[in-house]
Amino acid sequence: MDVILLERIARLGQIGDTVKVKDGFARNYLLPKGKALRANEANKKKFEGQRAQLEARNLERKSEAEKVAEKLDGQSFVIVRSAGETGQLYGSVSTRDIAELLTAQGFSVARSQVELNHPIKTIGLTNVAIALHPEVEVTVTLNIARTAEEADRQAAGEKLDSAEAIYGEDINENARPDAFFDPEAEEFGEEA
């Protein structure tokens with residue numbers, strides 16, 4: 001199906017471009033969301049009449065997105081979640097969680113603006129792209145940890161993957177692996 005784009009769409013085209021897309025993409029996404037019109041003579045005339053308004057509205061949205069981007073770009077946010085000793089989360093961090101976190105911090109970000117290919121399932125520092133506008137994209141850092149103290153240690157560059165890194169120096173002495181192996185001990189099966 002041929003459509004006329006009413007706004008810039010990544011990997012598809014700019015405002016006013018007539019592009020050929022699959023019927024389902026046009027019917028289920030582009031047309032209902034008001035991002036495109038069917039490419040026929042009546043709609044081409046209608047678009048040409050509204051072109052100046054559409055471009056002005058696009059510039060306005062872009063300038064608003066750039067203002068938010070200046071404040072948001074490079075920010076770091078902490079997410080505290082429960083996880084196992086190996087760093088595997090009990091659950092995951094999804095686009096909804098990220099959008100809610102950013103909204104709670106005073107940024108108006110919709111779930112659809114968070115570009116996350118798959119949910120985050122481990123603790124650590126993760127960079128996430130936020131598309132505030134088709135032409136404005138920022139990157140934020142998520143610090144996913146078990147506690148706020150652990151998040152501070154991760155932010156300082158400490159790698160939290162061993163038991164000592166997770167529990168700190170106060171780990172039980174009997175839990176250390178070197179306590180189970182004594183190189184001075186006699187071999188098993190030898191008589192003394």
# chains A, B, ... in the order shown; residues from 1 in each chain; ligands from 1
$ residues_around --residues "Gly34 (chain A)" --least-positions-apart "2" --cutoff "12 Å" --atoms "only C-alpha atoms" --output "list in words"
Val3, Ile4, Leu5, Leu6, Glu7, Arg8, Ile9, Ala26, Arg27, Asn28, Tyr29, Leu30, Leu31, Pro32, Ala36, Leu37, Arg38 and Leu54 of chain A
$ write_last_selection --atoms "N, CA and C atoms" --output "short mmCIF file (atom, residue, chain, number, x, y, z; two decimals), in the first residue's frame"
data_model
loop_
_atom_site.label_atom_id
_atom_site.label_comp_id
_atom_site.auth_asym_id
_atom_site.auth_seq_id
_atom_site.Cartn_x
_atom_site.Cartn_y
_atom_site.Cartn_z
N VAL A 3 1.51 5.09 0.98
CA VAL A 3 1.02 6.06 1.96
C VAL A 3 1.86 7.33 1.89
N ILE A 4 1.26 8.44 2.33
CA ILE A 4 1.96 9.71 2.45
C ILE A 4 2.27 9.90 3.93
N LEU A 5 3.53 10.07 4.29
CA LEU A 5 3.91 10.22 5.70
C LEU A 5 3.58 11.62 6.20
N LEU A 6 2.95 11.68 7.37
CA LEU A 6 2.60 12.95 7.99
C LEU A 6 3.64 13.38 9.03
N GLU A 7 4.58 12.50 9.32
CA GLU A 7 5.70 12.82 10.21
C GLU A 7 6.87 11.93 9.86
N ARG A 8 8.04 12.28 10.36
CA ARG A 8 9.23 11.48 10.07
C ARG A 8 9.13 10.16 10.82
N ILE A 9 9.39 9.08 10.12
CA ILE A 9 9.38 7.75 10.73
C ILE A 9 10.71 7.10 10.42
N ALA A 26 0.40 -0.45 7.49
CA ALA A 26 -0.37 0.77 7.22
C ALA A 26 -1.70 0.74 7.98
N ARG A 27 -2.44 -0.35 7.87
CA ARG A 27 -3.77 -0.42 8.49
C ARG A 27 -3.73 -0.47 10.01
N ASN A 28 -2.74 -1.14 10.57
CA ASN A 28 -2.71 -1.35 12.02
C ASN A 28 -1.90 -0.32 12.78
N TYR A 29 -0.99 0.38 12.11
CA TYR A 29 -0.13 1.31 12.84
C TYR A 29 -0.16 2.73 12.27
N LEU A 30 0.24 2.88 11.01
CA LEU A 30 0.40 4.22 10.44
C LEU A 30 -0.92 4.99 10.33
N LEU A 31 -1.95 4.39 9.78
CA LEU A 31 -3.22 5.09 9.58
C LEU A 31 -3.95 5.37 10.90
N PRO A 32 -4.12 4.38 11.80
CA PRO A 32 -4.84 4.67 13.05
C PRO A 32 -4.13 5.69 13.95
N ALA A 36 0.20 8.68 8.86
CA ALA A 36 0.21 8.63 7.39
C ALA A 36 -1.21 8.69 6.84
N LEU A 37 -1.30 8.99 5.55
CA LEU A 37 -2.56 8.96 4.80
C LEU A 37 -2.38 8.04 3.60
N ARG A 38 -3.48 7.43 3.15
CA ARG A 38 -3.40 6.64 1.92
C ARG A 38 -3.00 7.57 0.78
N LEU A 54 1.71 20.97 9.25
CA LEU A 54 2.36 19.75 9.72
C LEU A 54 3.83 19.99 10.01
#
$ select_by_dssp --residues "chain A" --states "strand (DSSP E)" --output "JSON, numbers by chain"
{"A": [2, 3, 4, 5, 18, 19, 20, 36, 37, 38, 76, 77, 78, 79, 80, 88, 89, 90, 91, 92, 93, 114, 115, 120, 121, 122, 124, 125, 126, 127, 128, 129, 130, 131, 132, 133, 136, 137, 138, 139, 140, 141, 142, 143, 144, 145]}
$ atom_distance --atom1 "CA of Gln113 (chain A)" --atom2 "CA of Ile130 (chain A)"
5.6 Å
$ select_by_dssp --residues "chain A" --states "alpha helix (DSSP H)" --output "PDB file with N, CA and C atoms, in the first residue's frame"
ATOM      1  N   ASP A  23       0.553  -3.782   3.810  1.00  0.00           N
ATOM      2  CA  ASP A  23      -0.818  -3.401   4.121  1.00  0.00           C
ATOM      3  C   ASP A  23      -1.095  -3.428   5.632  1.00  0.00           C
ATOM      4  N   GLY A  24      -0.647  -4.456   6.303  1.00  0.00           N
ATOM      5  CA  GLY A  24      -0.897  -4.582   7.738  1.00  0.00           C
ATOM      6  C   GLY A  24      -0.248  -3.458   8.536  1.00  0.00           C
ATOM      7  N   PHE A  25       0.972  -3.077   8.181  1.00  0.00           N
ATOM      8  CA  PHE A  25       1.671  -1.981   8.868  1.00  0.00           C
ATOM      9  C   PHE A  25       0.897  -0.684   8.692  1.00  0.00           C
ATOM     10  N   GLU A  41      -5.316  10.722  -4.884  1.00  0.00           N
ATOM     11  CA  GLU A  41      -5.326  12.124  -5.336  1.00  0.00           C
ATOM     12  C   GLU A  41      -5.938  13.065  -4.301  1.00  0.00           C
ATOM     13  N   ALA A  42      -7.054  12.655  -3.685  1.00  0.00           N
ATOM     14  CA  ALA A  42      -7.723  13.517  -2.704  1.00  0.00           C
ATOM     15  C   ALA A  42      -6.816  13.775  -1.501  1.00  0.00           C
ATOM     16  N   ASN A  43      -6.155  12.722  -1.023  1.00  0.00           N
ATOM     17  CA  ASN A  43      -5.272  12.879   0.138  1.00  0.00           C
ATOM     18  C   ASN A  43      -4.007  13.655  -0.215  1.00  0.00           C
ATOM     19  N   LYS A  44      -3.516  13.547  -1.444  1.00  0.00           N
ATOM     20  CA  LYS A  44      -2.347  14.318  -1.854  1.00  0.00           C
ATOM     21  C   LYS A  44      -2.660  15.814  -1.832  1.00  0.00           C
ATOM     22  N   LYS A  45      -3.852  16.180  -2.313  1.00  0.00           N
ATOM     23  CA  LYS A  45      -4.272  17.584  -2.280  1.00  0.00           C
ATOM     24  C   LYS A  45      -4.457  18.056  -0.843  1.00  0.00           C
ATOM     25  N   LYS A  46      -5.076  17.207  -0.026  1.00  0.00           N
ATOM     26  CA  LYS A  46      -5.293  17.541   1.386  1.00  0.00           C
ATOM     27  C   LYS A  46      -3.943  17.750   2.089  1.00  0.00           C
ATOM     28  N   PHE A  47      -2.983  16.869   1.809  1.00  0.00           N
ATOM     29  CA  PHE A  47      -1.662  16.988   2.433  1.00  0.00           C
ATOM     30  C   PHE A  47      -0.968  18.280   2.014  1.00  0.00           C
ATOM     31  N   GLU A  48      -0.999  18.600   0.736  1.00  0.00           N
ATOM     32  CA  GLU A  48      -0.351  19.827   0.253  1.00  0.00           C
ATOM     33  C   GLU A  48      -0.951  21.063   0.912  1.00  0.00           C
ATOM     34  N   GLY A  49      -2.259  21.036   1.192  1.00  0.00           N
ATOM     35  CA  GLY A  49      -2.907  22.151   1.876  1.00  0.00           C
ATOM     36  C   GLY A  49      -2.481  22.273   3.327  1.00  0.00           C
ATOM     37  N   GLN A  50      -2.159  21.138   3.953  1.00  0.00           N
ATOM     38  CA  GLN A  50      -1.791  21.118   5.371  1.00  0.00           C
ATOM     39  C   GLN A  50      -0.286  21.024   5.606  1.00  0.00           C
ATOM     40  N   ARG A  51       0.489  20.981   4.563  1.00  0.00           N
ATOM     41  CA  ARG A  51       1.931  20.762   4.680  1.00  0.00           C
ATOM     42  C   ARG A  51       2.604  21.759   5.625  1.00  0.00           C
ATOM     43  N   ALA A  52       2.310  23.030   5.490  1.00  0.00           N
ATOM     44  CA  ALA A  52       2.934  24.063   6.332  1.00  0.00           C
ATOM     45  C   ALA A  52       2.582  23.853   7.801  1.00  0.00           C
ATOM     46  N   GLN A  53       1.328  23.518   8.082  1.00  0.00           N
ATOM     47  CA  GLN A  53       0.909  23.273   9.465  1.00  0.00           C
ATOM     48  C   GLN A  53       1.622  22.052  10.039  1.00  0.00           C
ATOM     49  N   LEU A  54       1.706  20.972   9.255  1.00  0.00           N
ATOM     50  CA  LEU A  54       2.358  19.751   9.722  1.00  0.00           C
ATOM     51  C   LEU A  54       3.834  19.986  10.011  1.00  0.00           C
ATOM     52  N   GLU A  55       4.516  20.723   9.127  1.00  0.00           N
ATOM     53  CA  GLU A  55       5.935  20.999   9.343  1.00  0.00           C
ATOM     54  C   GLU A  55       6.145  21.905  10.547  1.00  0.00           C
ATOM     55  N   ALA A  56       5.257  22.880  10.748  1.00  0.00           N
ATOM     56  CA  ALA A  56       5.359  23.760  11.919  1.00  0.00           C
ATOM     57  C   ALA A  56       5.138  22.966  13.203  1.00  0.00           C
ATOM     58  N   ARG A  57       4.143  22.082  13.197  1.00  0.00           N
ATOM     59  CA  ARG A  57       3.873  21.245  14.374  1.00  0.00           C
ATOM     60  C   ARG A  57       5.058  20.321  14.657  1.00  0.00           C
ATOM     61  N   ASN A  58       5.672  19.784  13.615  1.00  0.00           N
ATOM     62  CA  ASN A  58       6.841  18.923  13.777  1.00  0.00           C
ATOM     63  C   ASN A  58       8.001  19.695  14.397  1.00  0.00           C
ATOM     64  N   LEU A  59       8.248  20.912  13.929  1.00  0.00           N
ATOM     65  CA  LEU A  59       9.329  21.733  14.494  1.00  0.00           C
ATOM     66  C   LEU A  59       9.068  22.063  15.956  1.00  0.00           C
ATOM     67  N   GLU A  60       7.825  22.335  16.288  1.00  0.00           N
ATOM     68  CA  GLU A  60       7.460  22.635  17.676  1.00  0.00           C
ATOM     69  C   GLU A  60       7.715  21.424  18.572  1.00  0.00           C
ATOM     70  N   ARG A  61       7.278  20.251  18.131  1.00  0.00           N
ATOM     71  CA  ARG A  61       7.513  19.019  18.906  1.00  0.00           C
ATOM     72  C   ARG A  61       8.998  18.729  19.039  1.00  0.00           C
ATOM     73  N   LYS A  62       9.730  18.965  17.965  1.00  0.00           N
ATOM     74  CA  LYS A  62      11.174  18.707  17.995  1.00  0.00           C
ATOM     75  C   LYS A  62      11.871  19.639  18.982  1.00  0.00           C
ATOM     76  N   SER A  63      11.490  20.920  19.004  1.00  0.00           N
ATOM     77  CA  SER A  63      12.134  21.855  19.933  1.00  0.00           C
ATOM     78  C   SER A  63      11.797  21.504  21.376  1.00  0.00           C
ATOM     79  N   GLU A  64      10.562  21.062  21.641  1.00  0.00           N
ATOM     80  CA  GLU A  64      10.191  20.612  22.991  1.00  0.00           C
ATOM     81  C   GLU A  64      11.016  19.387  23.382  1.00  0.00           C
ATOM     82  N   ALA A  65      11.169  18.454  22.464  1.00  0.00           N
ATOM     83  CA  ALA A  65      11.948  17.247  22.732  1.00  0.00           C
ATOM     84  C   ALA A  65      13.411  17.584  22.984  1.00  0.00           C
ATOM     85  N   GLU A  66      13.956  18.567  22.267  1.00  0.00           N
ATOM     86  CA  GLU A  66      15.350  18.952  22.471  1.00  0.00           C
ATOM     87  C   GLU A  66      15.562  19.577  23.845  1.00  0.00           C
ATOM     88  N   LYS A  67      14.572  20.326  24.346  1.00  0.00           N
ATOM     89  CA  LYS A  67      14.675  20.901  25.688  1.00  0.00           C
ATOM     90  C   LYS A  67      14.727  19.799  26.739  1.00  0.00           C
ATOM     91  N   VAL A  68      13.859  18.807  26.588  1.00  0.00           N
ATOM     92  CA  VAL A  68      13.852  17.675  27.522  1.00  0.00           C
ATOM     93  C   VAL A  68      15.152  16.883  27.378  1.00  0.00           C
ATOM     94  N   ALA A  69      15.635  16.741  26.152  1.00  0.00           N
ATOM     95  CA  ALA A  69      16.856  15.965  25.891  1.00  0.00           C
ATOM     96  C   ALA A  69      18.062  16.582  26.587  1.00  0.00           C
ATOM     97  N   GLU A  70      18.131  17.911  26.638  1.00  0.00           N
ATOM     98  CA  GLU A  70      19.262  18.566  27.309  1.00  0.00           C
ATOM     99  C   GLU A  70      19.336  18.172  28.769  1.00  0.00           C
ATOM    100  N   LYS A  71      18.180  18.067  29.425  1.00  0.00           N
ATOM    101  CA  LYS A  71      18.143  17.702  30.847  1.00  0.00           C
ATOM    102  C   LYS A  71      18.344  16.205  31.055  1.00  0.00           C
ATOM    103  N   LEU A  72      17.823  15.407  30.134  1.00  0.00           N
ATOM    104  CA  LEU A  72      17.785  13.952  30.316  1.00  0.00           C
ATOM    105  C   LEU A  72      19.044  13.234  29.838  1.00  0.00           C
ATOM    106  N   THR A  95      10.230  -1.914  29.520  1.00  0.00           N
ATOM    107  CA  THR A  95      10.037  -0.537  29.053  1.00  0.00           C
ATOM    108  C   THR A  95       9.053   0.205  29.946  1.00  0.00           C
ATOM    109  N   ARG A  96       8.045  -0.488  30.442  1.00  0.00           N
ATOM    110  CA  ARG A  96       7.067   0.149  31.332  1.00  0.00           C
ATOM    111  C   ARG A  96       7.739   0.625  32.614  1.00  0.00           C
ATOM    112  N   ASP A  97       8.604  -0.219  33.197  1.00  0.00           N
ATOM    113  CA  ASP A  97       9.310   0.151  34.424  1.00  0.00           C
ATOM    114  C   ASP A  97      10.189   1.385  34.204  1.00  0.00           C
ATOM    115  N   ILE A  98      10.877   1.420  33.078  1.00  0.00           N
ATOM    116  CA  ILE A  98      11.771   2.544  32.770  1.00  0.00           C
ATOM    117  C   ILE A  98      10.955   3.819  32.561  1.00  0.00           C
ATOM    118  N   ALA A  99       9.847   3.732  31.824  1.00  0.00           N
ATOM    119  CA  ALA A  99       8.998   4.902  31.577  1.00  0.00           C
ATOM    120  C   ALA A  99       8.419   5.431  32.889  1.00  0.00           C
ATOM    121  N   GLU A 100       7.989   4.537  33.781  1.00  0.00           N
ATOM    122  CA  GLU A 100       7.448   4.957  35.075  1.00  0.00           C
ATOM    123  C   GLU A 100       8.521   5.625  35.927  1.00  0.00           C
ATOM    124  N   LEU A 101       9.737   5.098  35.899  1.00  0.00           N
ATOM    125  CA  LEU A 101      10.845   5.684  36.660  1.00  0.00           C
ATOM    126  C   LEU A 101      11.150   7.091  36.171  1.00  0.00           C
ATOM    127  N   LEU A 102      11.246   7.269  34.849  1.00  0.00           N
ATOM    128  CA  LEU A 102      11.548   8.581  34.288  1.00  0.00           C
ATOM    129  C   LEU A 102      10.407   9.567  34.545  1.00  0.00           C
ATOM    130  N   THR A 103       9.167   9.109  34.484  1.00  0.00           N
ATOM    131  CA  THR A 103       8.027   9.973  34.769  1.00  0.00           C
ATOM    132  C   THR A 103       8.036  10.398  36.239  1.00  0.00           C
ATOM    133  N   ALA A 104       8.391   9.477  37.129  1.00  0.00           N
ATOM    134  CA  ALA A 104       8.475   9.809  38.554  1.00  0.00           C
ATOM    135  C   ALA A 104       9.577  10.836  38.825  1.00  0.00           C
ATOM    136  N   ALA A 148      20.541   0.193  47.600  1.00  0.00           N
ATOM    137  CA  ALA A 148      21.068   1.510  47.232  1.00  0.00           C
ATOM    138  C   ALA A 148      22.585   1.545  47.442  1.00  0.00           C
ATOM    139  N   GLU A 149      23.069   0.873  48.499  1.00  0.00           N
ATOM    140  CA  GLU A 149      24.514   0.842  48.762  1.00  0.00           C
ATOM    141  C   GLU A 149      25.237   0.099  47.632  1.00  0.00           C
ATOM    142  N   GLU A 150      24.649  -0.994  47.178  1.00  0.00           N
ATOM    143  CA  GLU A 150      25.237  -1.753  46.071  1.00  0.00           C
ATOM    144  C   GLU A 150      25.236  -0.922  44.784  1.00  0.00           C
ATOM    145  N   ALA A 151      24.202  -0.123  44.586  1.00  0.00           N
ATOM    146  CA  ALA A 151      24.131   0.751  43.414  1.00  0.00           C
ATOM    147  C   ALA A 151      25.260   1.781  43.456  1.00  0.00           C
ATOM    148  N   ASP A 152      25.552   2.318  44.645  1.00  0.00           N
ATOM    149  CA  ASP A 152      26.658   3.275  44.788  1.00  0.00           C
ATOM    150  C   ASP A 152      27.993   2.609  44.459  1.00  0.00           C
ATOM    151  N   ARG A 153      28.174   1.372  44.913  1.00  0.00           N
ATOM    152  CA  ARG A 153      29.418   0.649  44.627  1.00  0.00           C
ATOM    153  C   ARG A 153      29.548   0.374  43.131  1.00  0.00           C
ATOM    154  N   GLN A 154      28.438   0.016  42.484  1.00  0.00           N
ATOM    155  CA  GLN A 154      28.465  -0.227  41.034  1.00  0.00           C
ATOM    156  C   GLN A 154      28.790   1.050  40.279  1.00  0.00           C
ATOM    157  N   ALA A 155      28.207   2.169  40.719  1.00  0.00           N
ATOM    158  CA  ALA A 155      28.441   3.454  40.062  1.00  0.00           C
ATOM    159  C   ALA A 155      29.902   3.867  40.188  1.00  0.00           C
ATOM    160  N   ALA A 163      30.853 -13.591  45.509  1.00  0.00           N
ATOM    161  CA  ALA A 163      30.192 -13.507  46.806  1.00  0.00           C
ATOM    162  C   ALA A 163      30.786 -12.382  47.649  1.00  0.00           C
ATOM    163  N   GLU A 164      32.103 -12.182  47.582  1.00  0.00           N
ATOM    164  CA  GLU A 164      32.734 -11.124  48.372  1.00  0.00           C
ATOM    165  C   GLU A 164      32.281  -9.751  47.887  1.00  0.00           C
ATOM    166  N   ALA A 165      32.139  -9.569  46.588  1.00  0.00           N
ATOM    167  CA  ALA A 165      31.696  -8.288  46.054  1.00  0.00           C
ATOM    168  C   ALA A 165      30.252  -8.014  46.450  1.00  0.00           C
ATOM    169  N   ILE A 166      29.448  -9.076  46.526  1.00  0.00           N
ATOM    170  CA  ILE A 166      28.041  -8.905  46.872  1.00  0.00           C
ATOM    171  C   ILE A 166      27.878  -8.630  48.361  1.00  0.00           C
ATOM    172  N   TYR A 167      28.553  -9.415  49.198  1.00  0.00           N
ATOM    173  CA  TYR A 167      28.338  -9.314  50.638  1.00  0.00           C
ATOM    174  C   TYR A 167      29.367  -8.445  51.349  1.00  0.00           C
TER     175      TYR A 167
END
$ residues_around --residues "region 88-93 of chain A" --least-positions-apart "5" --cutoff "12 Å" --atoms "only C-alpha atoms" --output "PyMOL selection string"
chain A and resi 78-83+98-101+114+116-124+126+128+142-146+160-161
$ closest_residue --among "A:Val109, A:Ala156, A:Val21, A:Leu12" --to "His133 (chain A)" --atoms "only C-alpha atoms"
A:Val109
$ atom_distance --atom1 "CA of Ala10 (chain A)" --atom2 "CA of Gly106 (chain A)"
26.6 Å
